[in-house]
Amino acid sequence: MKKTPIKKALSRRARIATGGAVLAAVAAGTFGTVAANASAPAAAQGSAVAAAPAAAEAGKRDTTTSTHLTIDAATEAAQAALKAAKKEGQRITVAVVDRNGNTILTMRGDGAGPQSYESAVKKAFTAVAWNAPTTELAGRLENAPNLKDIPGTLFLGGGVPVTSGKAPIAGIGVAGAPSGTLDEKFAQAGAEAID
């Protein structure tokens, strides 16, 4: 009787099914071992496995707490700035950033120019970064012209800081009116709307 190798005796479909079953069994065994090791206490696993270190706990001296403007307050401020601009027939964009210069929200008023979006964000960032209105900061360029080279800043009127306990917590920037003085007036209206 002639012997036929097993490989040839089994159909392709049978070989695939058998191989799949073997792989599933190996995977189940491996997973079961890993799962058992992960859930077993370190002492039960043997001395070769070290216990996981506990998370480090920072003390009160090592941390700081900061105050942040809520999204509701930021929305209120932006809407107040848009309303003040609309009363005077101006089309603006208003941006509100947090203490770190991250944008909380931006509202582009009807008909505001496309350049106003980025300008409003930069003015808000500049105001919160230096805790001063951007018209005041623009005056500082005479003595320190390199300030304008700092990325993300714009030293034009239209940005005001929002403070809590004299510390800056947000910035409001407005762009789109024909002058920085008007932009800043609308930004200030937004800041005053915050309770």
# chains A, B, ... in the order shown; residues from 1 in each chain; ligands from 1
call {"tool": "residues_around", "arguments": {"residues": "A:Leu105", "least_positions_apart": "3", "cutoff": "12 Å", "atoms": "only C-alpha atoms", "output": "PyMOL selection string"}}
result
chain A and resi 69-79+93-98+101-102+108+117+120-121+124+170-173
call {"tool": "select_by_dssp", "arguments": {"residues": "stretch 24-192 of chain A", "states": "helix (DSSP H, G or I)", "output": "PyMOL selection string"}}
result
chain A and resi 24-39+42-45+60-62+71-87+115-130+134-140+145-149+180-192
call {"tool": "residues_around", "arguments": {"residues": "stretch 153-160 of chain A", "least_positions_apart": "5", "cutoff": "10 Å", "atoms": "only C-alpha atoms", "output": "PyMOL selection string"}}
result
chain A and resi 94-96+118-141+147-148+170-177+179-191
call {"tool": "atom_distance", "arguments": {"atom1": "atom CA of A:Ile104", "atom2": "atom CA of A:Glu192"}}
result
17.6 Å
call {"tool": "atom_distance", "arguments": {"atom1": "atom CA of A:Thr65", "atom2": "atom CA of A:Arg99"}}
result
12.2 Å
call {"tool": "atom_distance", "arguments": {"atom1": "atom CA of A:Gln90", "atom2": "atom CA of A:Ala112"}}
result
8.4 Å
call {"tool": "select_by_dssp", "arguments": {"residues": "stretch 91-138 of chain A", "states": "strand (DSSP E or B)", "output": "number ranges by chain"}}
result
A: 93-98, 103-108
call {"tool": "closest_residue", "arguments": {"among": "A:Asp149, A:Glu88, A:Asp195, A:Asp110", "to": "A:Ser164", "atoms": "only C-alpha atoms"}}
result
A:Asp195
call {"tool": "closest_residue", "arguments": {"among": "A:Ala58, A:Arg91, A:Ile169, A:Pro161", "to": "A:Pro114", "atoms": "only C-alpha atoms"}}
result
A:Arg91
